[in-house]
Amino acid sequence: MPIKILPAEVVSKIAAGEVIERPASVVKEMVENSLDAGATRITVESQDSGVGMIRVTDNGSGIAPGELELLGKRYVTSKISAADDLERINTLGFRGEALASIAAVAELEILTRRDPEPAGTYAAFKKGNIIHRESRARTRGTTVTMRYLFRHFPARLKFLRASSTENGHVTTLVTQYALAFPGVKFSLVIDNHTTIQTPGTGNLRDAVAEIYGPETARQMLEIDGTDLVPAVTGLTSPASVFRSTRNYVSFFVNRRWVRSPLLGRAVEQAYVGWLTSDKHPVVIASITIPPQDIDVNVHPRKVEVRFRQEPVVFAAVEKAVKKALGIAPVNTVSAGSVTTFGTQSQTAVGVDNSAHSLPPAIPDTVPLWRIQPDSNALPVLRVVGQLANSYVLAEGPDGLYLIDQHAAHERILYERIQSQLAERKVEVQGLLEPVTVSLSPRQEELLKNNVETLKRFGFDIEPFGSRCWLVRSVPEVVRRADPTAVVSELADGLGDGDTAPSWEERIARSLACHGAIKAGDTLSHEEMRQLVRELEMARRPYTCPHGRPAIVHIDSRQLAKQFGRG
Ligand code: ADP
Ligand code: MG
């Protein structure tokens with residue numbers, strides 16, 4: 001859209017107020033303009049606590065030279081044109097008053113070049129009018145410079161705080177936009193020192209690494225609420241990472257950084273039982289919502305939005321953060337439904353995220369345990385006993401470990417299969433007597449196409465009459481299983497809609513499942529010790545090959561707290 005003056009009828013609907021309160025407000029307006037112009041590189045420079053100078057340089061679309069004259073005037077914008085456009089804002093700016101407001105309280109210079117102009121145009125403004133204009137070299141993009149903020153407004157100048165406070169506000173601002181737009185390379189230069197430089201890779205974790213440090217970035221859990229309405233995505237800290245202030249909790253609504261006590265409460269709700277009230281998580285939560293479901297025109301500096309349906313947004317944020325923490329909501333996960341619960345958050349600790357998983361429903365009223373490890377390594381564990389013939393109870397240096405014996409053994413066998421294949425040293429179990437397996441046409445078809453692959457895993461099988469196959473040997477990992485059932489189910493498994501990436505992967509998972517100890521098997525103390533020892537050596541001990549949890553950890557601190565000792 002070209003830049004034009006908004007009609008009076010639209011102006012009357014705009015939430016009016018002082019846009020420029022302090023240097024950080026200038027930075028906010030300029031950075032938002034650069035982002036709206038599609039910039040992928042934004043440099044913010046500040047001198048003398050932002051009062052002396054603020055300059056924002058971008059590589060965005062630039063401004064057409066003929067439109068520069070309009071910019072010192074209020075309600076000049078290229079982003080909306082009619083009143084009902086206010087109902088569906090998808091740009092950060094829309095009121096067309098920022099540049100005019102800056103020009104009213106400071107000196108303003110713009111150097112811009114728009115494609116396909118052969119050169120850039122420079123314009124200096126005083127009191128809203130261009131006082132000097134010339135052609136200057138510039139690559140595509142815009143540089144807006146503000147000088148001498150509030151020079152002629154001593155009362156407002158007095159209102160500003162110490163330079164460290166003003167620089168702090170500017171830094172926070174750039175920080176937040178860098179988190180909202182990880183695909184944009186942000187630099188912040190304060191009094192000639194570069195204080196922030198984000199990589200602009202598009203990966204939020206990389207931006208977090210620059211802003212909150214690599215250690216925090218590594219530990220953050222993925223918020224994957226893309227299936228929710230509204231969608232909620234981002235990163236949130238595990239209970240082991242916290243801060244003493246709420247300043248590390250950021251919300252972006254359609255990529256606009258907003259303050260929201262409502263969303264703050266939703267996050268706090270998700271951490272109940274994980275963090276005491278004096279500890280706050282590190283959260284970067286992006287909410288994507290249809291523009292007509294929010295009102296962004298409620299605050300002069302656009303730092304708040306109004307949701308048309310607050311409870312829905314609240315619930316989505318709480319649910320998405322809980323999911324990232326590994327707390328499954330009650331009643332929503334039922335056997336038979338496939339859900340991607342936990343797969344994203346598990347990415348954060350490097351466990352298998354290739355599979356869909358079916359987690360146990362964990363009541364969120366008792367957030368006592370964690371299935372989400374802080375790291376992949378399992379400490380040395382001491383076996384305490386077996387529970388319900390299904391779980392091994394073990395003690396670690398940091399509390400109780402409940403190990404699902406089937407899932408854990410599956411994990412161990414799966415890793416053993418993978419390493420044997422990689423080393424081409426597959427252990428084979430020859431059968432004393434070959435067995436025959438009868439197959440359906442479909443099974444036989446699938447098996448025929450995969451004989452060679454199956455041989456690599458240790459199967460010696462061959463056709464033996466009409467839809468009957470002879471099995472002479474099986475992989476060692478399934479030596480305890482019924483070979484007929486293994487081959488038959490393998491043939492079925494080869495055809496069904498498993499999500500695993502390759503047939504090899506499916507075979508490995510199927511073999512691990514068949515070979516593993518079952519739930520309900522009574523284990524001797526020695527067998528449990530053996531299982532735990534092997535699990536300690538697994539690369540990804542916390543999940544089975546399908547991505548379901550193999551271990552639930554009850555932290556000793558949480559235990560102490562539950563008993564009123566903490
Ligand atoms: P608004 O952002 O609400 O439209 P502003 O006063 O911030 O109002 O900016 C007025 C207009 O100037 C914008 O609509 C846009 O067309 C243009 N503009 C300002 N800054 C830039 C920039 N960095 N790159 C491209 N265009 C810009
Ligand atoms: Mg703007």
# chains A, B, ... in the order shown; residues from 1 in each chain; ligands from 1

call {"tool": "residues_near_ligand", "arguments": {"ligand": "ligand 1", "cutoff": "6 Å", "atoms": "only C-alpha atoms and all ligand atoms", "output": "PyMOL selection string"}}
result
chain A and resi 3+29+33-34+37+60-63+76-79+93-100+142

call {"tool": "write_last_selection", "arguments": {"atoms": "all heavy atoms", "output": "compact mmCIF listing (two decimals), in the first residue's frame"}}
result
# COMPACT_ATOMS: atom_id res chain seq x y z
N ILE A 3 1.91 5.13 1.03
CA ILE A 3 1.73 5.86 2.29
C ILE A 3 0.73 6.98 2.05
O ILE A 3 0.79 7.68 1.04
CB ILE A 3 3.08 6.46 2.75
CG1 ILE A 3 4.09 5.33 2.98
CG2 ILE A 3 2.89 7.29 4.01
CD1 ILE A 3 5.47 5.81 3.38
N GLU A 29 9.23 1.89 18.19
CA GLU A 29 8.52 2.29 16.96
C GLU A 29 9.39 2.06 15.73
O GLU A 29 8.91 1.60 14.69
CB GLU A 29 8.09 3.76 17.06
CG GLU A 29 7.07 4.03 18.15
CD GLU A 29 5.76 3.27 17.98
OE1 GLU A 29 5.41 2.91 16.83
OE2 GLU A 29 5.09 3.00 19.00
N ASN A 33 8.75 -0.66 12.69
CA ASN A 33 8.68 -0.26 11.28
C ASN A 33 9.61 -1.10 10.41
O ASN A 33 9.26 -1.50 9.30
CB ASN A 33 9.04 1.23 11.13
CG ASN A 33 7.88 2.13 11.55
OD1 ASN A 33 6.73 1.69 11.63
ND2 ASN A 33 8.19 3.39 11.81
N SER A 34 10.81 -1.38 10.93
CA SER A 34 11.76 -2.20 10.16
C SER A 34 11.21 -3.61 9.97
O SER A 34 11.32 -4.18 8.88
CB SER A 34 13.10 -2.27 10.89
OG SER A 34 13.66 -0.98 10.99
N ALA A 37 8.58 -3.71 7.49
CA ALA A 37 9.14 -3.55 6.14
C ALA A 37 9.86 -4.82 5.69
O ALA A 37 10.51 -4.84 4.64
CB ALA A 37 10.11 -2.36 6.11
N GLY A 60 15.11 -3.58 4.97
CA GLY A 60 13.73 -3.83 4.54
C GLY A 60 13.38 -3.18 3.21
O GLY A 60 14.27 -2.81 2.43
N SER A 61 12.09 -3.01 2.97
CA SER A 61 11.61 -2.59 1.65
C SER A 61 12.02 -1.19 1.24
O SER A 61 12.05 -0.87 0.05
CB SER A 61 10.08 -2.66 1.65
OG SER A 61 9.59 -1.73 2.61
N GLY A 62 12.33 -0.33 2.24
CA GLY A 62 12.62 1.07 1.90
C GLY A 62 11.34 1.85 1.67
O GLY A 62 10.24 1.29 1.68
N ILE A 63 11.49 3.16 1.51
CA ILE A 63 10.33 4.04 1.33
C ILE A 63 10.48 4.74 -0.02
O ILE A 63 11.58 5.17 -0.37
CB ILE A 63 10.28 5.10 2.47
CG1 ILE A 63 10.25 4.41 3.85
CG2 ILE A 63 9.09 6.04 2.31
CD1 ILE A 63 10.44 5.36 5.02
N VAL A 76 -0.18 9.10 9.16
CA VAL A 76 0.28 8.78 7.82
C VAL A 76 0.79 7.35 7.88
O VAL A 76 1.69 7.03 8.65
CB VAL A 76 1.42 9.75 7.41
CG1 VAL A 76 2.20 9.19 6.25
CG2 VAL A 76 0.82 11.11 7.06
N THR A 77 0.17 6.50 7.10
CA THR A 77 0.56 5.09 7.15
C THR A 77 0.33 4.40 5.83
O THR A 77 -0.50 4.84 5.03
CB THR A 77 -0.23 4.34 8.26
OG1 THR A 77 0.23 2.98 8.31
CG2 THR A 77 -1.72 4.37 8.01
N SER A 78 1.08 3.33 5.61
CA SER A 78 0.85 2.49 4.43
C SER A 78 0.15 1.20 4.83
O SER A 78 -0.05 0.32 4.03
CB SER A 78 2.20 2.16 3.79
OG SER A 78 3.04 1.53 4.73
N LYS A 79 -0.19 1.09 6.15
CA LYS A 79 -0.59 -0.23 6.64
C LYS A 79 -2.09 -0.45 6.74
O LYS A 79 -2.55 -1.59 6.69
CB LYS A 79 0.11 -0.50 7.97
CG LYS A 79 1.63 -0.52 7.75
CD LYS A 79 2.44 -0.51 9.02
CE LYS A 79 3.91 -0.18 8.69
NZ LYS A 79 4.72 -0.03 9.88
N GLY A 93 2.82 -1.92 13.30
CA GLY A 93 2.33 -0.54 13.31
C GLY A 93 1.03 -0.47 12.54
O GLY A 93 0.69 -1.38 11.79
N PHE A 94 0.26 0.58 12.79
CA PHE A 94 -0.95 0.78 11.98
C PHE A 94 -1.53 2.17 12.17
O PHE A 94 -2.40 2.58 11.43
CB PHE A 94 -2.02 -0.28 12.31
CG PHE A 94 -2.35 -0.38 13.78
CD1 PHE A 94 -3.32 0.45 14.34
CD2 PHE A 94 -1.70 -1.29 14.59
CE1 PHE A 94 -3.62 0.35 15.70
CE2 PHE A 94 -1.99 -1.39 15.94
CZ PHE A 94 -2.96 -0.57 16.51
N ARG A 95 -0.99 2.92 13.14
CA ARG A 95 -1.63 4.20 13.43
C ARG A 95 -1.05 5.35 12.66
O ARG A 95 -1.61 6.44 12.63
CB ARG A 95 -1.51 4.50 14.92
CG ARG A 95 -2.29 3.53 15.75
CD ARG A 95 -2.20 3.90 17.19
NE ARG A 95 -2.94 2.96 17.98
CZ ARG A 95 -2.52 2.46 19.13
NH1 ARG A 95 -1.35 2.83 19.61
NH2 ARG A 95 -3.26 1.63 19.78
N GLY A 96 0.12 5.14 12.11
CA GLY A 96 0.73 6.21 11.33
C GLY A 96 1.05 7.44 12.14
O GLY A 96 0.96 8.56 11.65
N GLU A 97 1.41 7.25 13.40
CA GLU A 97 1.72 8.44 14.20
C GLU A 97 3.12 8.41 14.80
O GLU A 97 3.56 9.39 15.38
CB GLU A 97 0.69 8.64 15.32
CG GLU A 97 0.60 7.46 16.25
CD GLU A 97 -0.36 7.70 17.42
OE1 GLU A 97 -0.79 8.84 17.62
OE2 GLU A 97 -0.63 6.74 18.13
N ALA A 98 3.84 7.29 14.64
CA ALA A 98 5.11 7.18 15.34
C ALA A 98 6.15 8.16 14.81
O ALA A 98 6.72 8.94 15.57
CB ALA A 98 5.63 5.75 15.24
N LEU A 99 6.37 8.12 13.50
CA LEU A 99 7.40 9.01 12.96
C LEU A 99 7.03 10.46 13.20
O LEU A 99 7.88 11.28 13.55
CB LEU A 99 7.62 8.73 11.47
CG LEU A 99 8.34 7.40 11.17
CD1 LEU A 99 8.55 7.24 9.67
CD2 LEU A 99 9.69 7.31 11.90
N ALA A 100 5.75 10.78 13.06
CA ALA A 100 5.31 12.16 13.31
C ALA A 100 5.54 12.53 14.76
O ALA A 100 5.99 13.65 15.07
CB ALA A 100 3.84 12.31 12.94
N THR A 142 16.31 1.08 5.03
CA THR A 142 16.05 2.39 5.62
C THR A 142 16.90 2.61 6.86
O THR A 142 17.08 1.68 7.65
CB THR A 142 14.55 2.49 6.00
OG1 THR A 142 13.76 2.22 4.84
CG2 THR A 142 14.19 3.87 6.53

call {"tool": "residues_around", "arguments": {"residues": "stretch 17-28 of chain A", "least_positions_apart": "3", "cutoff": "7 Å", "atoms": "only C-alpha atoms", "output": "list of chain:residue names"}}
result
A:Val31, A:Glu32, A:Gly50, A:Val51, A:Ala98, A:Ser101, A:Ile102, A:Leu160, A:Glu166, A:His169, A:Val170, A:Leu173, A:Pro300, A:Arg301

call {"tool": "write_last_selection", "arguments": {"atoms": "all heavy atoms", "output": "JSON list (two decimals), in the first residue's frame"}}
result
[["chain", "number", "residue", "atom", "x", "y", "z"],
["A", 31, "VAL", "N", 11.97, -0.06, 15.37],
["A", 31, "VAL", "CA", 12.19, -1.49, 15.12],
["A", 31, "VAL", "C", 10.92, -2.12, 14.53],
["A", 31, "VAL", "O", 10.99, -2.92, 13.59],
["A", 31, "VAL", "CB", 12.64, -2.21, 16.42],
["A", 31, "VAL", "CG1", 12.55, -3.71, 16.26],
["A", 31, "VAL", "CG2", 14.05, -1.80, 16.78],
["A", 32, "GLU", "N", 9.78, -1.73, 15.04],
["A", 32, "GLU", "CA", 8.52, -2.27, 14.50],
["A", 32, "GLU", "C", 8.38, -1.89, 13.02],
["A", 32, "GLU", "O", 7.94, -2.69, 12.21],
["A", 32, "GLU", "CB", 7.33, -1.77, 15.30],
["A", 32, "GLU", "CG", 7.24, -2.40, 16.68],
["A", 32, "GLU", "CD", 5.95, -2.05, 17.41],
["A", 32, "GLU", "OE1", 5.19, -1.18, 16.94],
["A", 32, "GLU", "OE2", 5.71, -2.67, 18.46],
["A", 50, "GLY", "N", 20.27, 7.22, 24.79],
["A", 50, "GLY", "CA", 19.19, 7.30, 23.81],
["A", 50, "GLY", "C", 18.62, 8.70, 23.66],
["A", 50, "GLY", "O", 17.76, 8.93, 22.82],
["A", 51, "VAL", "N", 19.11, 9.61, 24.47],
["A", 51, "VAL", "CA", 18.63, 11.00, 24.35],
["A", 51, "VAL", "C", 19.44, 11.72, 23.27],
["A", 51, "VAL", "O", 18.90, 12.47, 22.46],
["A", 51, "VAL", "CB", 18.77, 11.73, 25.72],
["A", 51, "VAL", "CG1", 18.42, 13.20, 25.57],
["A", 51, "VAL", "CG2", 17.86, 11.07, 26.74],
["A", 98, "ALA", "N", 3.84, 7.29, 14.64],
["A", 98, "ALA", "CA", 5.11, 7.18, 15.34],
["A", 98, "ALA", "C", 6.15, 8.16, 14.81],
["A", 98, "ALA", "O", 6.72, 8.94, 15.57],
["A", 98, "ALA", "CB", 5.63, 5.75, 15.24],
["A", 101, "SER", "N", 5.26, 11.60, 15.65],
["A", 101, "SER", "CA", 5.46, 11.89, 17.08],
["A", 101, "SER", "C", 6.93, 12.09, 17.40],
["A", 101, "SER", "O", 7.28, 12.94, 18.21],
["A", 101, "SER", "CB", 4.91, 10.76, 17.95],
["A", 101, "SER", "OG", 3.56, 10.55, 17.66],
["A", 102, "ILE", "N", 7.78, 11.28, 16.78],
["A", 102, "ILE", "CA", 9.22, 11.44, 17.01],
["A", 102, "ILE", "C", 9.67, 12.79, 16.44],
["A", 102, "ILE", "O", 10.38, 13.55, 17.09],
["A", 102, "ILE", "CB", 10.03, 10.27, 16.37],
["A", 102, "ILE", "CG1", 9.64, 8.94, 17.04],
["A", 102, "ILE", "CG2", 11.53, 10.53, 16.51],
["A", 102, "ILE", "CD1", 10.16, 7.70, 16.31],
["A", 160, "LEU", "N", 12.93, 11.47, 32.57],
["A", 160, "LEU", "CA", 13.78, 10.32, 32.25],
["A", 160, "LEU", "C", 14.69, 9.96, 33.42],
["A", 160, "LEU", "O", 15.08, 10.80, 34.20],
["A", 160, "LEU", "CB", 14.61, 10.59, 31.00],
["A", 160, "LEU", "CG", 13.81, 10.84, 29.71],
["A", 160, "LEU", "CD1", 14.76, 11.03, 28.54],
["A", 160, "LEU", "CD2", 12.86, 9.68, 29.45],
["A", 166, "GLU", "N", 17.57, 3.86, 31.31],
["A", 166, "GLU", "CA", 17.09, 4.04, 29.94],
["A", 166, "GLU", "C", 17.75, 3.03, 29.01],
["A", 166, "GLU", "O", 17.09, 2.43, 28.16],
["A", 166, "GLU", "CB", 17.34, 5.48, 29.45],
["A", 166, "GLU", "CG", 16.59, 6.55, 30.25],
["A", 166, "GLU", "CD", 15.07, 6.31, 30.32],
["A", 166, "GLU", "OE1", 14.50, 5.72, 29.38],
["A", 166, "GLU", "OE2", 14.46, 6.70, 31.34],
["A", 169, "HIS", "N", 16.02, -0.26, 29.41],
["A", 169, "HIS", "CA", 14.74, -0.37, 28.69],
["A", 169, "HIS", "C", 14.98, -0.66, 27.21],
["A", 169, "HIS", "O", 14.28, -1.47, 26.60],
["A", 169, "HIS", "CB", 13.94, 0.93, 28.84],
["A", 169, "HIS", "CG", 13.31, 1.09, 30.18],
["A", 169, "HIS", "ND1", 12.42, 0.17, 30.69],
["A", 169, "HIS", "CD2", 13.44, 2.05, 31.13],
["A", 169, "HIS", "CE1", 12.02, 0.57, 31.89],
["A", 169, "HIS", "NE2", 12.63, 1.71, 32.19],
["A", 170, "VAL", "N", 15.97, 0.02, 26.65],
["A", 170, "VAL", "CA", 16.28, -0.19, 25.22],
["A", 170, "VAL", "C", 16.74, -1.63, 25.01],
["A", 170, "VAL", "O", 16.32, -2.32, 24.07],
["A", 170, "VAL", "CB", 17.35, 0.83, 24.75],
["A", 170, "VAL", "CG1", 17.89, 0.44, 23.38],
["A", 170, "VAL", "CG2", 16.77, 2.24, 24.73],
["A", 173, "LEU", "N", 13.94, -4.06, 25.13],
["A", 173, "LEU", "CA", 13.15, -4.00, 23.91],
["A", 173, "LEU", "C", 13.74, -4.79, 22.76],
["A", 173, "LEU", "O", 13.08, -5.60, 22.11],
["A", 173, "LEU", "CB", 13.06, -2.53, 23.49],
["A", 173, "LEU", "CG", 11.63, -2.26, 23.19],
["A", 173, "LEU", "CD1", 11.20, -0.98, 23.72],
["A", 173, "LEU", "CD2", 11.38, -2.46, 21.75],
["A", 300, "PRO", "N", -1.90, 2.98, 24.01],
["A", 300, "PRO", "CA", -1.20, 3.96, 23.17],
["A", 300, "PRO", "C", 0.12, 3.43, 22.60],
["A", 300, "PRO", "O", 0.46, 3.70, 21.45],
["A", 300, "PRO", "CB", -0.94, 5.12, 24.12],
["A", 300, "PRO", "CG", -1.82, 4.93, 25.29],
["A", 300, "PRO", "CD", -2.24, 3.49, 25.33],
["A", 301, "ARG", "N", 0.83, 2.65, 23.42],
["A", 301, "ARG", "CA", 2.11, 2.15, 22.91],
["A", 301, "ARG", "C", 2.00, 0.71, 22.43],
["A", 301, "ARG", "O", 3.00, 0.06, 22.17],
["A", 301, "ARG", "CB", 3.21, 2.31, 23.97],
["A", 301, "ARG", "CG", 3.78, 3.74, 23.95],
["A", 301, "ARG", "CD", 4.72, 4.02, 25.10],
["A", 301, "ARG", "NE", 3.98, 4.16, 26.34],
["A", 301, "ARG", "CZ", 4.07, 3.33, 27.38],
["A", 301, "ARG", "NH1", 4.87, 2.29, 27.31],
["A", 301, "ARG", "NH2", 3.37, 3.52, 28.46]]

call {"tool": "residues_around", "arguments": {"residues": "A:Val380", "least_positions_apart": "2", "cutoff": "8 Å", "atoms": "only C-alpha atoms", "output": "list in words"}}
result
Leu378, Arg382, Gly396, Pro397 and Glu536 of chain A

call {"tool": "residues_around", "arguments": {"residues": "A:Glu109", "least_positions_apart": "6", "cutoff": "7 Å", "atoms": "only C-alpha atoms", "output": "short mmCIF file (atom, residue, chain, number, x, y, z; two decimals) with C-alpha atoms, in the first residue's frame"}}
result
data_model
loop_
_atom_site.label_atom_id
_atom_site.label_comp_id
_atom_site.auth_asym_id
_atom_site.auth_seq_id
_atom_site.Cartn_x
_atom_site.Cartn_y
_atom_site.Cartn_z
CA ALA A 123 15.63 13.76 4.19
CA ALA A 124 16.06 15.80 7.39
CA PHE A 125 12.92 16.86 9.27
CA VAL A 144 16.08 6.38 10.62
CA THR A 145 18.06 8.64 12.94
CA MET A 146 16.63 10.57 15.86
#

call {"tool": "select_by_dssp", "arguments": {"residues": "stretch 160-340 of chain A", "states": "alpha helix (DSSP H)", "output": "PyMOL selection string"}}
result
chain A and resi 163-180+204-212+214-219+261-270+310-325

call {"tool": "select_by_dssp", "arguments": {"residues": "stretch 188-344 of chain A", "states": "strand (DSSP E)", "output": "PyMOL selection string"}}
result
chain A and resi 188-190+193-197+221-225+231-236+249-253+256-258+283-288+294-295+306-307

call {"tool": "write_last_selection", "arguments": {"atoms": "N, CA and C atoms", "output": "compact mmCIF listing (two decimals), in the first residue's frame"}}
result
# COMPACT_ATOMS: atom_id res chain seq x y z
N LEU A 188 22.59 -4.62 18.73
CA LEU A 188 22.36 -3.43 19.55
C LEU A 188 23.71 -2.87 19.91
N VAL A 189 23.91 -1.60 19.60
CA VAL A 189 25.18 -0.93 19.89
C VAL A 189 24.88 0.24 20.81
N ILE A 190 25.33 0.14 22.05
CA ILE A 190 25.10 1.22 23.01
C ILE A 190 26.41 1.95 23.24
N HIS A 193 29.43 0.31 21.86
CA HIS A 193 29.74 -1.07 22.24
C HIS A 193 28.60 -1.98 21.80
N THR A 194 28.95 -3.03 21.09
CA THR A 194 27.92 -3.99 20.68
C THR A 194 27.53 -4.83 21.89
N THR A 195 26.25 -4.76 22.28
CA THR A 195 25.84 -5.50 23.46
C THR A 195 24.97 -6.71 23.12
N ILE A 196 24.32 -6.68 21.98
CA ILE A 196 23.53 -7.85 21.56
C ILE A 196 23.81 -8.08 20.09
N GLN A 197 23.96 -9.34 19.73
CA GLN A 197 24.12 -9.68 18.32
C GLN A 197 23.52 -11.07 18.11
N LEU A 221 12.83 -26.40 27.21
CA LEU A 221 11.95 -27.42 26.63
C LEU A 221 11.08 -26.78 25.57
N GLU A 222 10.82 -27.52 24.53
CA GLU A 222 10.03 -26.99 23.43
C GLU A 222 8.53 -26.93 23.79
N ILE A 223 7.92 -25.79 23.55
CA ILE A 223 6.47 -25.70 23.69
C ILE A 223 5.89 -26.00 22.31
N ASP A 224 5.16 -27.07 22.22
CA ASP A 224 4.55 -27.38 20.93
C ASP A 224 3.05 -27.47 21.09
N GLY A 225 2.41 -26.34 20.97
CA GLY A 225 0.96 -26.32 21.03
C GLY A 225 0.41 -25.89 19.70
N ALA A 231 -2.87 -21.36 18.63
CA ALA A 231 -1.62 -22.12 18.65
C ALA A 231 -0.62 -21.44 19.58
N VAL A 232 0.10 -22.25 20.34
CA VAL A 232 1.11 -21.71 21.26
C VAL A 232 2.41 -22.45 21.00
N THR A 233 3.48 -21.72 20.74
CA THR A 233 4.77 -22.36 20.51
C THR A 233 5.85 -21.58 21.25
N GLY A 234 7.03 -22.15 21.30
CA GLY A 234 8.13 -21.44 21.95
C GLY A 234 8.98 -22.36 22.79
N LEU A 235 9.58 -21.79 23.82
CA LEU A 235 10.44 -22.57 24.71
C LEU A 235 10.10 -22.22 26.15
N THR A 236 10.24 -23.20 27.02
CA THR A 236 9.97 -22.95 28.42
C THR A 236 10.98 -23.73 29.24
N VAL A 249 9.83 -13.99 31.41
CA VAL A 249 8.63 -14.58 30.81
C VAL A 249 8.16 -13.62 29.72
N SER A 250 8.22 -14.06 28.47
CA SER A 250 7.85 -13.18 27.36
C SER A 250 6.69 -13.77 26.57
N PHE A 251 5.77 -12.90 26.22
CA PHE A 251 4.65 -13.34 25.40
C PHE A 251 4.62 -12.54 24.11
N PHE A 252 4.39 -13.25 23.02
CA PHE A 252 4.24 -12.60 21.73
C PHE A 252 2.91 -13.02 21.14
N VAL A 253 2.10 -12.05 20.82
CA VAL A 253 0.81 -12.37 20.22
C VAL A 253 0.89 -11.92 18.76
N ARG A 256 3.77 -9.84 18.24
CA ARG A 256 3.87 -8.56 18.93
C ARG A 256 4.19 -8.85 20.39
N TRP A 257 5.21 -8.20 20.91
CA TRP A 257 5.56 -8.40 22.32
C TRP A 257 4.51 -7.69 23.16
N VAL A 258 3.87 -8.42 24.04
CA VAL A 258 2.83 -7.81 24.86
C VAL A 258 3.04 -8.13 26.33
N VAL A 283 10.44 -18.21 29.96
CA VAL A 283 9.43 -18.63 28.99
C VAL A 283 9.44 -17.70 27.78
N ILE A 284 9.40 -18.26 26.62
CA ILE A 284 9.19 -17.48 25.41
C ILE A 284 8.01 -18.14 24.72
N ALA A 285 6.84 -17.52 24.82
CA ALA A 285 5.64 -18.14 24.28
C ALA A 285 5.04 -17.27 23.18
N SER A 286 4.88 -17.86 22.02
CA SER A 286 4.29 -17.16 20.88
C SER A 286 2.88 -17.66 20.67
N ILE A 287 1.95 -16.74 20.64
CA ILE A 287 0.55 -17.11 20.45
C ILE A 287 0.13 -16.65 19.07
N THR A 288 -0.39 -17.58 18.29
CA THR A 288 -0.83 -17.22 16.95
C THR A 288 -2.35 -17.31 16.93
N ILE A 294 -8.48 -10.63 18.41
CA ILE A 294 -7.82 -9.77 19.39
C ILE A 294 -8.04 -8.32 18.99
N ASP A 295 -7.90 -7.44 19.98
CA ASP A 295 -7.93 -6.01 19.70
C ASP A 295 -6.55 -5.47 20.07
N ARG A 306 -6.19 -7.03 23.72
CA ARG A 306 -7.36 -7.59 24.39
C ARG A 306 -7.81 -8.82 23.63
N PHE A 307 -7.96 -9.92 24.34
CA PHE A 307 -8.43 -11.14 23.70
C PHE A 307 -9.95 -11.17 23.77

call {"tool": "atom_distance", "arguments": {"atom1": "atom CA of A:Leu511", "atom2": "atom CA of A:Glu410"}}
result
8.6 Å

call {"tool": "closest_residue", "arguments": {"among": "A:Arg479, A:His132, A:His514, A:His152", "to": "A:Glu427", "atoms": "only C-alpha atoms"}}
result
A:Arg479

call {"tool": "atom_distance", "arguments": {"atom1": "atom CA of A:Pro7", "atom2": "atom CA of A:Tyr75"}}
result
8.4 Å

call {"tool": "residues_around", "arguments": {"residues": "A:Pro182", "least_positions_apart": "3", "cutoff": "6 Å", "atoms": "only C-alpha atoms", "output": "ChimeraX atom specification"}}
result
/A:178-179,200,202-204,207

call {"tool": "closest_residue", "arguments": {"among": "A:Leu92, A:Val56, A:Val532, A:Ala377", "to": "ligand 2", "atoms": "only C-alpha atoms and all ligand atoms"}}
result
A:Leu92

call {"tool": "residues_around", "arguments": {"residues": "A:Thr484", "least_positions_apart": "4", "cutoff": "8 Å", "atoms": "only C-alpha atoms", "output": "PyMOL selection string"}}
result
chain A and resi 435-437+488

call {"tool": "decode", "arguments": {"residues": "stretch 505-513 of chain A", "atoms": "N, CA and C atoms", "output": "short mmCIF file (atom, residue, chain, number, x, y, z; two decimals), in the first residue's frame"}}
result
data_model
loop_
_atom_site.label_atom_id
_atom_site.label_comp_id
_atom_site.auth_asym_id
_atom_site.auth_seq_id
_atom_site.Cartn_x
_atom_site.Cartn_y
_atom_site.Cartn_z
N GLU A 505 14.16 -49.45 10.35
CA GLU A 505 13.79 -48.89 11.65
C GLU A 505 12.59 -49.64 12.23
N ARG A 506 11.63 -49.95 11.36
CA ARG A 506 10.45 -50.69 11.83
C ARG A 506 10.83 -52.07 12.32
N ILE A 507 11.72 -52.71 11.58
CA ILE A 507 12.14 -54.07 11.98
C ILE A 507 12.84 -53.99 13.34
N ALA A 508 13.74 -53.03 13.48
CA ALA A 508 14.48 -52.90 14.74
C ALA A 508 13.52 -52.70 15.91
N ARG A 509 12.52 -51.82 15.71
CA ARG A 509 11.58 -51.56 16.80
C ARG A 509 10.75 -52.80 17.12
N SER A 510 10.32 -53.49 16.06
CA SER A 510 9.50 -54.67 16.26
C SER A 510 10.28 -55.77 16.99
N LEU A 511 11.55 -55.94 16.60
CA LEU A 511 12.36 -56.96 17.27
C LEU A 511 12.58 -56.61 18.73
N ALA A 512 12.84 -55.33 18.99
CA ALA A 512 13.07 -54.90 20.37
C ALA A 512 11.83 -55.19 21.21
N CYS A 513 10.67 -54.92 20.63
CA CYS A 513 9.43 -55.13 21.35
C CYS A 513 9.21 -56.62 21.63
#
